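Colleague: So here's input.cif, just mmCIF, C-alpha atoms (C1' of nucleotides):
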data_query
#
loop_
_atom_site.group_PDB
_atom_site.id
_atom_site.type_symbol
_atom_site.label_atom_id
_atom_site.label_comp_id
_atom_site.auth_asym_id
_atom_site.auth_seq_id
_atom_site.Cartn_x
_atom_site.Cartn_y
_atom_site.Cartn_z
ATOM 1 C CA MET A 1 3.529 15.147 15.121
ATOM 2 C CA THR A 2 7.249 15.727 14.817
ATOM 3 C CA THR A 3 8.687 14.916 11.411
ATOM 4 C CA ILE A 4 12.288 14.280 10.483
ATOM 5 C CA TYR A 5 12.165 17.622 8.640
ATOM 6 C CA ASP A 6 11.172 19.405 11.860
ATOM 7 C CA ALA A 7 13.972 17.606 13.667
ATOM 8 C CA LEU A 8 16.583 18.660 11.118
ATOM 9 C CA ALA A 9 15.484 22.303 11.012
ATOM 10 C CA ASP A 10 17.537 23.178 14.076
ATOM 11 C CA PRO A 11 21.339 23.352 13.631
ATOM 12 C CA THR A 12 22.007 22.139 17.179
ATOM 13 C CA ARG A 13 19.967 19.015 16.519
ATOM 14 C CA ARG A 14 21.878 18.389 13.291
ATOM 15 C CA ARG A 15 25.135 18.640 15.257
ATOM 16 C CA MET A 16 23.726 16.147 17.754
ATOM 17 C CA LEU A 17 23.028 13.694 14.968
ATOM 18 C CA ASP A 18 26.534 14.243 13.609
ATOM 19 C CA LEU A 19 27.918 13.289 17.031
ATOM 20 C CA LEU A 20 25.686 10.227 17.253
ATOM 21 C CA ARG A 21 26.753 9.176 13.789
ATOM 22 C CA GLU A 22 30.154 8.284 15.286
ATOM 23 C CA ARG A 23 28.877 6.433 18.347
ATOM 24 C CA PRO A 24 26.231 6.508 21.093
ATOM 25 C CA ARG A 25 26.636 9.357 23.578
ATOM 26 C CA SER A 26 25.341 10.348 26.991
ATOM 27 C CA VAL A 27 23.481 13.626 27.459
ATOM 28 C CA ASN A 28 26.302 15.296 29.378
ATOM 29 C CA GLU A 29 28.817 14.287 26.743
ATOM 30 C CA MET A 30 26.795 16.189 24.149
ATOM 31 C CA VAL A 31 26.265 19.100 26.549
ATOM 32 C CA ASP A 32 30.059 19.465 26.821
ATOM 33 C CA LEU A 33 30.825 18.988 23.138
ATOM 34 C CA LEU A 34 28.081 21.320 21.914
ATOM 35 C CA GLU A 35 28.525 23.839 24.727
ATOM 36 C CA ILE A 36 24.834 24.110 25.502
ATOM 37 C CA SER A 37 22.912 23.889 28.765
ATOM 38 C CA GLN A 38 21.766 20.484 29.987
ATOM 39 C CA PRO A 39 18.032 21.294 29.889
ATOM 40 C CA LEU A 40 18.381 22.547 26.339
ATOM 41 C CA ALA A 41 20.100 19.332 25.334
ATOM 42 C CA SER A 42 17.311 17.294 26.927
ATOM 43 C CA LYS A 43 14.718 19.320 25.062
ATOM 44 C CA HIS A 44 16.420 18.868 21.712
ATOM 45 C CA LEU A 45 16.848 15.168 22.390
ATOM 46 C CA LYS A 46 13.153 14.928 23.122
ATOM 47 C CA VAL A 47 12.389 16.367 19.673
ATOM 48 C CA LEU A 48 14.806 13.906 18.070
ATOM 49 C CA ARG A 49 13.109 11.075 19.986
ATOM 50 C CA GLU A 50 9.667 12.231 18.862
ATOM 51 C CA ALA A 51 10.892 12.235 15.283
ATOM 52 C CA GLY A 52 12.135 8.681 15.855
ATOM 53 C CA VAL A 53 15.657 9.504 14.745
ATOM 54 C CA VAL A 54 17.279 8.597 18.075
ATOM 55 C CA GLN A 55 16.573 6.029 20.762
ATOM 56 C CA VAL A 56 17.738 5.743 24.361
ATOM 57 C CA ARG A 57 19.337 2.965 26.333
ATOM 58 C CA GLN A 58 19.400 3.454 30.083
ATOM 59 C CA ASP A 59 22.492 2.373 32.029
ATOM 60 C CA ALA A 60 22.193 3.320 35.725
ATOM 61 C CA GLN A 61 21.887 7.125 35.824
ATOM 62 C CA ARG A 62 23.311 7.521 32.330
ATOM 63 C CA ARG A 63 21.187 7.458 29.213
ATOM 64 C CA TRP A 64 22.942 6.478 26.034
ATOM 65 C CA TYR A 65 21.419 8.087 23.003
ATOM 66 C CA GLU A 66 21.962 6.348 19.697
ATOM 67 C CA LEU A 67 20.939 6.917 16.122
ATOM 68 C CA ARG A 68 17.800 5.326 14.666
ATOM 69 C CA PRO A 69 18.304 5.851 10.956
ATOM 70 C CA ALA A 70 14.829 4.895 9.651
ATOM 71 C CA PRO A 71 13.497 8.480 9.349
ATOM 72 C CA LEU A 72 16.671 9.564 7.570
ATOM 73 C CA ALA A 73 16.242 6.672 5.169
ATOM 74 C CA GLU A 74 12.673 7.801 4.563
ATOM 75 C CA MET A 75 13.891 11.310 3.777
ATOM 76 C CA ASP A 76 16.472 9.789 1.479
ATOM 77 C CA VAL A 77 13.645 8.186 -0.483
ATOM 78 C CA TRP A 78 12.015 11.588 -0.898
ATOM 79 C CA LEU A 79 15.315 13.131 -1.935
ATOM 80 C CA SER A 80 15.894 10.318 -4.423
ATOM 81 C CA SER A 81 13.225 11.661 -6.729
ATOM 82 C CA TYR A 82 15.267 14.864 -7.034
ATOM 83 C CA ARG A 83 18.691 13.301 -7.326
ATOM 84 C CA HIS A 84 18.663 13.038 -11.114
ATOM 85 C CA LEU A 85 18.687 16.852 -11.177
ATOM 86 C CA TRP A 86 22.286 17.065 -10.031
ATOM 87 C CA GLU A 87 23.809 13.658 -10.588
ATOM 88 C CA SER A 88 23.655 11.338 -13.536
ATOM 89 C CA ARG A 89 23.258 7.636 -12.912
ATOM 90 C CA TYR A 90 26.758 7.142 -14.297
ATOM 91 C CA ASP A 91 28.249 9.629 -11.812
ATOM 92 C CA ARG A 92 26.638 7.686 -8.991
ATOM 93 C CA LEU A 93 27.836 4.375 -10.395
ATOM 94 C CA ASP A 94 31.306 5.884 -10.546
ATOM 95 C CA ASP A 95 31.165 7.049 -6.901
ATOM 96 C CA LEU A 96 29.944 3.670 -5.719
ATOM 97 C CA LEU A 97 32.546 1.693 -7.562
ATOM 98 C CA LYS A 98 35.267 3.931 -6.104
ATOM 99 C CA GLU A 99 33.896 3.316 -2.609
ATOM 100 C CA LEU A 100 33.783 -0.410 -3.194
ATOM 101 C CA GLN A 101 37.357 -0.343 -4.414
ATOM 102 C CA GLU A 102 38.399 1.531 -1.266
ATOM 103 C CA ASP A 103 36.560 -1.035 0.853
ATOM 104 C CA THR A 104 38.455 -3.828 -0.847
ATOM 105 C CA GLN A 105 41.769 -2.076 -0.319
ATOM 106 C CA ASN A 106 40.975 -1.520 3.354
ATOM 107 C CA ILE A 107 40.173 -5.177 3.801
ATOM 108 C CA LEU A 108 43.450 -6.150 2.158
ATOM 109 C CA GLN A 109 45.388 -3.718 4.343
ATOM 110 C CA ASP A 110 43.690 -5.068 7.484
ATOM 111 C CA GLU A 111 44.644 -8.587 6.506
ATOM 112 C CA GLN A 112 48.262 -7.540 6.033
ATOM 113 C CA GLN A 113 48.201 -5.806 9.429
ATOM 114 C CA ASN A 114 46.845 -8.947 11.067
ATOM 115 C CA ALA A 115 49.474 -11.062 9.384
ATOM 116 C CA LEU A 116 52.219 -8.736 10.679
ATOM 117 C CA GLN A 117 50.822 -8.801 14.212
ATOM 118 C CA GLU A 118 50.661 -12.577 14.199
ATOM 119 C CA ASP A 119 54.326 -12.663 13.177
ATOM 120 C CA THR A 120 55.226 -10.359 16.069
ATOM 121 C CA HIS A 121 53.349 -12.562 18.499
ATOM 122 C CA LYS A 122 55.210 -15.583 17.251
ATOM 123 C CA GLU A 123 58.552 -13.790 17.827
ATOM 124 C CA ASN A 124 57.471 -12.920 21.380
ATOM 125 C CA ASP A 125 56.487 -16.510 21.974
ATOM 126 C CA ASP A 126 59.881 -17.592 20.730
ATOM 127 C CA GLU A 127 61.612 -15.211 23.130
ATOM 128 C CA GLN A 128 59.576 -16.438 26.061
ATOM 129 C CA SER A 129 60.170 -20.110 25.362
ATOM 130 C CA MET B 1 19.991 33.146 6.928
ATOM 131 C CA THR B 2 17.538 30.626 5.528
ATOM 132 C CA THR B 3 18.926 27.130 5.138
ATOM 133 C CA ILE B 4 17.567 24.304 3.028
ATOM 134 C CA TYR B 5 16.623 22.598 6.301
ATOM 135 C CA ASP B 6 14.505 25.609 7.300
ATOM 136 C CA ALA B 7 12.912 25.551 3.854
ATOM 137 C CA LEU B 8 12.014 21.866 4.092
ATOM 138 C CA ALA B 9 10.580 22.111 7.610
ATOM 139 C CA ASP B 10 7.198 23.267 6.322
ATOM 140 C CA PRO B 11 5.015 20.634 4.593
ATOM 141 C CA THR B 12 3.460 23.183 2.208
ATOM 142 C CA ARG B 13 6.915 24.149 0.988
ATOM 143 C CA ARG B 14 7.801 20.495 0.456
ATOM 144 C CA ARG B 15 4.647 20.104 -1.632
ATOM 145 C CA MET B 16 5.670 23.172 -3.629
ATOM 146 C CA LEU B 17 9.019 21.572 -4.396
ATOM 147 C CA ASP B 18 7.248 18.364 -5.377
ATOM 148 C CA LEU B 19 5.188 20.368 -7.885
ATOM 149 C CA LEU B 20 8.266 22.151 -9.238
ATOM 150 C CA ARG B 21 10.026 18.815 -9.598
ATOM 151 C CA GLU B 22 7.714 18.095 -12.531
ATOM 152 C CA ARG B 23 8.002 21.474 -14.267
ATOM 153 C CA PRO B 24 8.141 25.222 -13.640
ATOM 154 C CA ARG B 25 4.911 26.721 -12.312
ATOM 155 C CA SER B 26 3.342 30.130 -11.841
ATOM 156 C CA VAL B 27 2.283 31.315 -8.399
ATOM 157 C CA ASN B 28 -1.441 31.028 -9.098
ATOM 158 C CA GLU B 29 -1.005 27.526 -10.455
ATOM 159 C CA MET B 30 0.444 26.484 -7.112
ATOM 160 C CA VAL B 31 -2.219 28.430 -5.234
ATOM 161 C CA ASP B 32 -4.884 26.379 -7.008
ATOM 162 C CA LEU B 33 -3.151 23.021 -6.690
ATOM 163 C CA LEU B 34 -2.234 23.442 -3.028
ATOM 164 C CA GLU B 35 -5.471 25.197 -2.084
ATOM 165 C CA ILE B 36 -3.779 27.973 -0.157
ATOM 166 C CA SER B 37 -4.178 31.752 -0.289
ATOM 167 C CA GLN B 38 -2.101 33.717 -2.771
ATOM 168 C CA PRO B 39 -0.248 35.772 -0.132
ATOM 169 C CA LEU B 40 0.662 32.618 1.738
ATOM 170 C CA ALA B 41 2.050 31.087 -1.437
ATOM 171 C CA SER B 42 4.145 34.202 -2.071
ATOM 172 C CA LYS B 43 5.490 34.061 1.467
ATOM 173 C CA HIS B 44 6.473 30.415 1.192
ATOM 174 C CA LEU B 45 8.060 31.043 -2.191
ATOM 175 C CA LYS B 46 10.094 33.836 -0.647
ATOM 176 C CA VAL B 47 11.494 31.390 1.914
ATOM 177 C CA LEU B 48 12.315 28.906 -0.856
ATOM 178 C CA ARG B 49 14.026 31.707 -2.786
ATOM 179 C CA GLU B 50 16.056 32.740 0.254
ATOM 180 C CA ALA B 51 17.163 29.140 0.692
ATOM 181 C CA GLY B 52 18.221 29.195 -2.974
ATOM 182 C CA VAL B 53 16.141 26.147 -3.823
ATOM 183 C CA VAL B 54 13.955 27.934 -6.387
ATOM 184 C CA GLN B 55 14.515 30.719 -8.863
ATOM 185 C CA VAL B 56 12.101 32.953 -10.763
ATOM 186 C CA ARG B 57 11.751 33.833 -14.402
ATOM 187 C CA GLN B 58 9.467 36.765 -15.148
ATOM 188 C CA ASP B 59 7.215 36.611 -18.191
ATOM 189 C CA ALA B 60 4.917 39.657 -18.373
ATOM 190 C CA GLN B 61 2.817 39.567 -15.191
ATOM 191 C CA ARG B 62 3.510 35.892 -14.612
ATOM 192 C CA ARG B 63 6.470 34.649 -12.627
ATOM 193 C CA TRP B 64 7.608 31.160 -13.403
ATOM 194 C CA TYR B 65 9.151 29.471 -10.425
ATOM 195 C CA GLU B 66 11.584 26.661 -11.121
ATOM 196 C CA LEU B 67 13.731 24.344 -9.080
ATOM 197 C CA ARG B 68 17.348 25.183 -8.265
ATOM 198 C CA PRO B 69 18.663 21.874 -7.008
ATOM 199 C CA ALA B 70 22.043 22.970 -5.558
ATOM 200 C CA PRO B 71 20.895 23.191 -1.915
ATOM 201 C CA LEU B 72 19.218 19.797 -2.184
ATOM 202 C CA ALA B 73 22.460 18.384 -3.558
ATOM 203 C CA GLU B 74 24.290 19.920 -0.603
ATOM 204 C CA MET B 75 21.877 18.258 1.780
ATOM 205 C CA ASP B 76 22.384 15.009 -0.092
ATOM 206 C CA VAL B 77 26.096 15.252 0.685
ATOM 207 C CA TRP B 78 25.290 15.590 4.376
ATOM 208 C CA LEU B 79 22.894 12.675 4.187
ATOM 209 C CA SER B 80 25.508 10.569 2.379
ATOM 210 C CA SER B 81 27.550 10.205 5.541
ATOM 211 C CA TYR B 82 24.552 8.469 7.126
ATOM 212 C CA ARG B 83 23.528 6.321 4.184
ATOM 213 C CA HIS B 84 25.685 3.344 5.120
ATOM 214 C CA LEU B 85 23.440 2.956 8.186
ATOM 215 C CA TRP B 86 20.515 1.712 6.142
ATOM 216 C CA GLU B 87 21.879 0.655 2.804
ATOM 217 C CA SER B 88 24.897 -1.407 1.946
ATOM 218 C CA ARG B 89 27.033 -0.348 -0.973
ATOM 219 C CA TYR B 90 25.947 -3.492 -2.767
ATOM 220 C CA ASP B 91 22.252 -2.646 -2.320
ATOM 221 C CA ARG B 92 22.919 0.753 -3.888
ATOM 222 C CA LEU B 93 24.904 -0.783 -6.715
ATOM 223 C CA ASP B 94 21.986 -3.117 -7.279
ATOM 224 C CA ASP B 95 19.455 -0.243 -7.381
ATOM 225 C CA LEU B 96 21.598 1.740 -9.786
ATOM 226 C CA LEU B 97 22.182 -1.109 -12.174
ATOM 227 C CA LYS B 98 18.433 -1.769 -12.229
ATOM 228 C CA GLU B 99 17.787 1.888 -13.065
ATOM 229 C CA LEU B 100 20.392 1.828 -15.794
ATOM 230 C CA GLN B 101 18.816 -1.297 -17.239
ATOM 231 C CA GLU B 102 15.412 0.403 -17.233
ATOM 232 C CA ASP B 103 16.941 3.429 -18.966
ATOM 233 C CA THR B 104 18.350 1.204 -21.670
ATOM 234 C CA GLN B 105 15.010 -0.528 -22.155
ATOM 235 C CA ASN B 106 13.230 2.816 -22.384
ATOM 236 C CA ILE B 107 15.665 3.990 -25.026
ATOM 237 C CA LEU B 108 15.115 0.806 -27.021
ATOM 238 C CA GLN B 109 11.326 1.180 -26.723
ATOM 239 C CA ASP B 110 11.530 4.808 -27.854
ATOM 240 C CA GLU B 111 13.522 3.764 -30.865
ATOM 241 C CA GLN B 112 10.938 1.147 -31.763
ATOM 242 C CA GLN B 113 8.184 3.749 -31.334
ATOM 243 C CA ASN B 114 10.010 6.143 -33.631
ATOM 244 C CA ALA B 115 10.512 3.420 -36.185
ATOM 245 C CA LEU B 116 6.778 2.618 -36.109
ATOM 246 C CA GLN B 117 5.814 6.292 -36.461
ATOM 247 C CA GLU B 118 8.136 6.700 -39.405
ATOM 248 C CA ASP B 119 6.444 3.739 -41.031
ATOM 249 C CA THR B 120 3.024 5.326 -40.459
ATOM 250 C CA HIS B 121 4.222 8.589 -41.988
ATOM 251 C CA LYS B 122 5.461 6.738 -45.005
ATOM 252 C CA GLU B 123 2.051 5.073 -45.397
ATOM 253 C CA ASN B 124 0.340 8.473 -45.172
ATOM 254 C CA ASP B 125 2.720 9.876 -47.712
ATOM 255 C CA ASP B 126 1.870 6.964 -49.953
ATOM 256 C CA GLU B 127 -1.859 7.648 -49.575
ATOM 257 C CA GLN B 128 -1.389 11.319 -50.369
ATOM 258 C CA SER B 129 0.737 10.710 -53.382
ATOM 259 C "C1'" DT C 1 20.211 7.782 55.644
ATOM 260 C "C1'" DG C 2 22.049 11.914 53.253
ATOM 261 C "C1'" DG C 3 24.693 13.498 49.470
ATOM 262 C "C1'" DT C 4 26.044 13.327 44.701
ATOM 263 C "C1'" DT C 5 25.437 12.503 39.758
ATOM 264 C "C1'" DA C 6 22.748 12.367 35.513
ATOM 265 C "C1'" DT C 7 18.769 13.599 33.286
ATOM 266 C "C1'" DA C 8 14.056 15.311 32.664
ATOM 267 C "C1'" DT C 9 10.539 18.616 33.249
ATOM 268 C "C1'" DA C 10 7.916 22.880 34.607
ATOM 269 C "C1'" DA C 11 7.409 27.672 34.185
ATOM 270 C "C1'" DC C 12 8.650 31.500 31.928
ATOM 271 C "C1'" DT C 13 10.419 34.935 28.233
ATOM 272 C "C1'" DT C 14 11.367 36.102 23.734
ATOM 273 C "C1'" DG C 15 11.384 35.737 19.009
ATOM 274 C "C1'" DA C 16 10.061 33.612 14.859
ATOM 275 C "C1'" DC C 17 6.775 31.770 11.803
ATOM 276 C "C1'" DA C 18 2.176 30.304 9.609
ATOM 277 C "C1'" DG C 19 -1.714 32.247 8.248
ATOM 278 C "C1'" DT C 20 -5.080 36.136 7.520
ATOM 279 C "C1'" DT C 21 -6.918 40.618 5.372
ATOM 280 C "C1'" DA C 22 -6.003 44.687 3.095
ATOM 281 C "C1'" DT C 23 -3.200 47.112 0.035
ATOM 282 C "C1'" DA C 24 0.695 48.101 -3.218
ATOM 283 C "C1'" DT C 25 2.962 47.249 -7.617
ATOM 284 C "C1'" DA C 26 3.331 46.463 -12.217
ATOM 285 C "C1'" DA C 27 2.228 44.707 -16.579
ATOM 286 C "C1'" DG C 28 -1.090 43.754 -20.128
ATOM 287 C "C1'" DA C 29 -5.971 44.684 -22.226
ATOM 288 C "C1'" DA C 30 -9.947 47.574 -23.554
ATOM 289 C "C1'" DT D 1 -6.500 56.236 -19.271
ATOM 290 C "C1'" DT D 2 -9.037 52.867 -16.763
ATOM 291 C "C1'" DC D 3 -9.792 48.023 -15.774
ATOM 292 C "C1'" DT D 4 -8.063 43.522 -15.013
ATOM 293 C "C1'" DT D 5 -4.637 40.059 -13.942
ATOM 294 C "C1'" DA D 6 -0.689 38.328 -11.382
ATOM 295 C "C1'" DT D 7 2.145 38.789 -7.668
ATOM 296 C "C1'" DA D 8 4.319 40.922 -3.614
ATOM 297 C "C1'" DT D 9 4.182 43.143 0.709
ATOM 298 C "C1'" DA D 10 2.560 45.371 5.089
ATOM 299 C "C1'" DA D 11 0.253 44.877 9.270
ATOM 300 C "C1'" DC D 12 -1.671 42.002 12.354
ATOM 301 C "C1'" DT D 13 -2.893 37.652 15.246
ATOM 302 C "C1'" DG D 14 -2.055 33.379 17.316
ATOM 303 C "C1'" DT D 15 0.813 29.557 17.960
ATOM 304 C "C1'" DC D 16 4.961 27.329 18.656
ATOM 305 C "C1'" DA D 17 9.791 26.773 19.422
ATOM 306 C "C1'" DA D 18 14.431 28.086 21.463
ATOM 307 C "C1'" DG D 19 16.530 29.201 25.385
ATOM 308 C "C1'" DT D 20 16.706 30.290 30.388
ATOM 309 C "C1'" DT D 21 16.361 29.238 35.611
ATOM 310 C "C1'" DA D 22 14.621 26.472 39.066
ATOM 311 C "C1'" DT D 23 13.081 22.136 40.485
ATOM 312 C "C1'" DA D 24 11.815 17.152 40.198
ATOM 313 C "C1'" DT D 25 13.218 12.369 39.611
ATOM 314 C "C1'" DA D 26 15.896 8.558 40.179
ATOM 315 C "C1'" DA D 27 19.867 5.884 40.689
ATOM 316 C "C1'" DC D 28 24.251 5.294 42.699
ATOM 317 C "C1'" DC D 29 27.626 6.199 46.722
ATOM 318 C "C1'" DA D 30 29.520 6.983 51.469
#
Take the structure in the file and write it out as structure tokens.

Modeller:
Amino acid sequence: MTTIYDALADPTRRRMLDLLRERPRSVNEMVDLLEISQPLASKHLKVLREAGVVQVRQDAQRRWYELRPAPLAEMDVWLSSYRHLWESRYDRLDDLLKELQEDTQNILQDEQQNALQEDTHKENDDEQS
Amino acid sequence: MTTIYDALADPTRRRMLDLLRERPRSVNEMVDLLEISQPLASKHLKVLREAGVVQVRQDAQRRWYELRPAPLAEMDVWLSSYRHLWESRYDRLDDLLKELQEDTQNILQDEQQNALQEDTHKENDDEQS
DNA sequence: TGGTTATATAACTTGACAGTTATATAAGAA
DNA sequence: TTCTTATATAACTGTCAAGTTATATAACCA
């Protein structure tokens, strides 16, 4: 049986996961980005599949690999029992609240952006009419 | 170079860390608890040392192994960039606040315990006097 | 149909690692 | 000093994993 810990032991596989964290990728895309041979990529992806940390979607000849986070979440549970050793609950509360604040600010900025774009569209409409 | 990911790949080493999470342990203690040979334990502990996740304190013939959480914390940073995939910020806030509440309750209980014990001591003092 | 593209797999080599037994080291204890 | 205890290390075996080259599969394309 292949565990998530086995899957993460290889640095190439960790880089693969880092790529898939951004978005799904085809095999050849990862071959190019990681500068490894295609068979090697397929072998590593097989290990990641066996560990259940990626899944595949077929689209004609291409196979889109995407993240399946469950095993990472499971590892996170294990790691949780150690977390108090380096981070107090208040530190973590602090981090989270900062992130939430950033989220809120991003939402506000997006809304302003949208408002601006709508204005521009209106101007264009005016010109065309 | 031995990484924390290499160190965690072996299940016996993960069990060793789980034991050291509770308190420092001698080699033979872990040999008994994990039911492995002494040389094997020493070899695994060497890997954990090389990964920097344990450190040793010598006390006569005994060597007390204890956790050194830095590499786990480093791995936690890596894992953090994936955490949004399975847990919303609000879920985490929820978990943390629950933990903090439990902490507070524990502290209050401890204080009540101490108060009770002090009472008992007073009674004993009374009897003795 | 034949050729091309994308991916997987088989066969192989090499190196690393888990585990074993035997032995070395080094610090008490008698 | 000799014996015992606690741990590390050396030497060895067997398995497994990373990486390679060559080939299979399978879908699209002309």

Colleague: Give one line per residue of chain C that approaches chain A to at most 12 Å, naming the two atoms of the closest pair and their distance in Å to one decimal, counting all atoms listed in the file; sort by chain then ascending residue number and deliver it as CSV.

Modeller:
residue,atom,partner,partner_atom,distance
C:DT4,C1',A:Gln61,CA,11.6
C:DT5,C1',A:Gln61,CA,7.5
C:DA6,C1',A:Gln61,CA,5.3
C:DT7,C1',A:Val27,CA,7.5
C:DA8,C1',A:Ser42,CA,6.9
C:DT9,C1',A:Pro39,CA,8.6
C:DA10,C1',A:Pro39,CA,11.3

Colleague: For the residues in that selection, give me C-alpha atoms (C1' of nucleotides) as a compact mmCIF listing (two decimals), keeping the file's coordinate frame.

Modeller:
# COMPACT_ATOMS: atom_id res chain seq x y z
C1' DT C 4 26.04 13.33 44.70
C1' DT C 5 25.44 12.50 39.76
C1' DA C 6 22.75 12.37 35.51
C1' DT C 7 18.77 13.60 33.29
C1' DA C 8 14.06 15.31 32.66
C1' DT C 9 10.54 18.62 33.25
C1' DA C 10 7.92 22.88 34.61

Colleague: Looking at B:Pro71, B:Asn106, B:Arg89, B:Ser37, which one is nearest to chain A, with distances taken over all atoms listed in the file?

Modeller: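 The answer is B:Arg89, which sits nearest to chain A.
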
Colleague: Quick check on the file I pasted: which residues fall under the PyMOL selection byres ((chain D and resi 12-22) around 10)? Write them as a list in words.

Modeller: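 For this structure, the PyMOL selection byres ((chain D and resi 12-22) around 10) resolves to Asp10, Ile36, Ser37, Pro39, Leu40, Lys43 and His44 of chain A; DA10, DA11, DC12, DT13, DT14, DG15, DA16, DC17, DA18, DG19, DT20 and DT21 of chain C; DA10, DA11, DT23 and DA24 of chain D.
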
Colleague: Between B:Glu22, B:Glu29, B:Glu102, B:Glu118, which one has atoms that come closest to chain D, using all atoms listed in the file?

Modeller: B:Glu29

Colleague: Got a sec: who's within 12 Å of segment 92-95 of chain B, counting all atoms listed in the file, leaving out chain neighbours fewer than 3 positions off, as JSON, numbers by chain?

Modeller: {"A": [80, 89, 90, 92, 93, 94, 95, 96, 97, 98, 99, 100], "B": [80, 83, 84, 86, 87, 88, 89, 98, 99, 100, 101, 102]}

Colleague: What is the atom CA of Leu17 of chain B to atom CA of Val77 of chain A distance in Å?

Modeller: 14.7 Å

Colleague: Just the residues within 8 Å of Pro24 of chain B, please, counting all atoms listed in the file, with nothing from its chain fewer than 5 positions along; format it as a ChimeraX atom specification.

Modeller: /B:64-67

Colleague: Which is closest to chain D among A:Leu48, A:Asp59, A:Arg25, A:Arg68, if we use only C-alpha atoms (C1' of nucleotides)?

Modeller: A:Asp59

Colleague: Mind giving me the straight-line distance from atom CA of Met16 of chain B to atom C1' of DT9 of chain D in Å, one decimal?

Modeller: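 Between atom CA of Met16 of chain B and atom C1' of DT9 of chain D the gap works out to 20.5 Å.
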
Colleague: Could you produce a table of the residues of chain A lying within 6 Å of chain B, with the nearest pair of atoms per residue and their separation in Å rounded to one decimal, using all atoms listed in the file, ordered by chain and increasing residue number, as JSON lines?

Modeller:
{"residue": "A:Tyr5", "atom": "CA", "partner": "B:Ala9", "partner_atom": "CA", "distance": 4.9}
{"residue": "A:Asp6", "atom": "CA", "partner": "B:Ala9", "partner_atom": "CA", "distance": 5.1}
{"residue": "A:Ala9", "atom": "CA", "partner": "B:Tyr5", "partner_atom": "CA", "distance": 4.9}

Colleague: Only C-alpha atoms, please: the residues just picked out, written as a CSV table (one decimal), keeping the file's coordinate frame.

Modeller:
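Once everything was written out, this is result35.csv:
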chain,number,residue,atom,x,y,z
A,5,TYR,CA,12.2,17.6,8.6
A,6,ASP,CA,11.2,19.4,11.9
A,9,ALA,CA,15.5,22.3,11.0

Colleague: Can you list every residue of chain D that has an atom at most 8 Å from chain A, with its nearest atom pair and the distance in Å to one decimal, using only C-alpha atoms (C1' of nucleotides), ordered by chain then number, as a Markdown table?

Modeller:
| residue | atom | partner | partner_atom | distance |
| --- | --- | --- | --- | --- |
| D:DG19 | C1' | A:Leu40 | CA | 7.0 |
| D:DA26 | C1' | A:Gln61 | CA | 7.5 |
| D:DA27 | C1' | A:Gln61 | CA | 5.4 |
| D:DC28 | C1' | A:Gln61 | CA | 7.5 |

Colleague: Rounded to one decimal place, report the atom CA of Leu33 of chain A-atom C1' of DT25 of chain D distance in Å.

Modeller: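 Atom C1' of DT25 of chain D lies 25.0 Å from atom CA of Leu33 of chain A.
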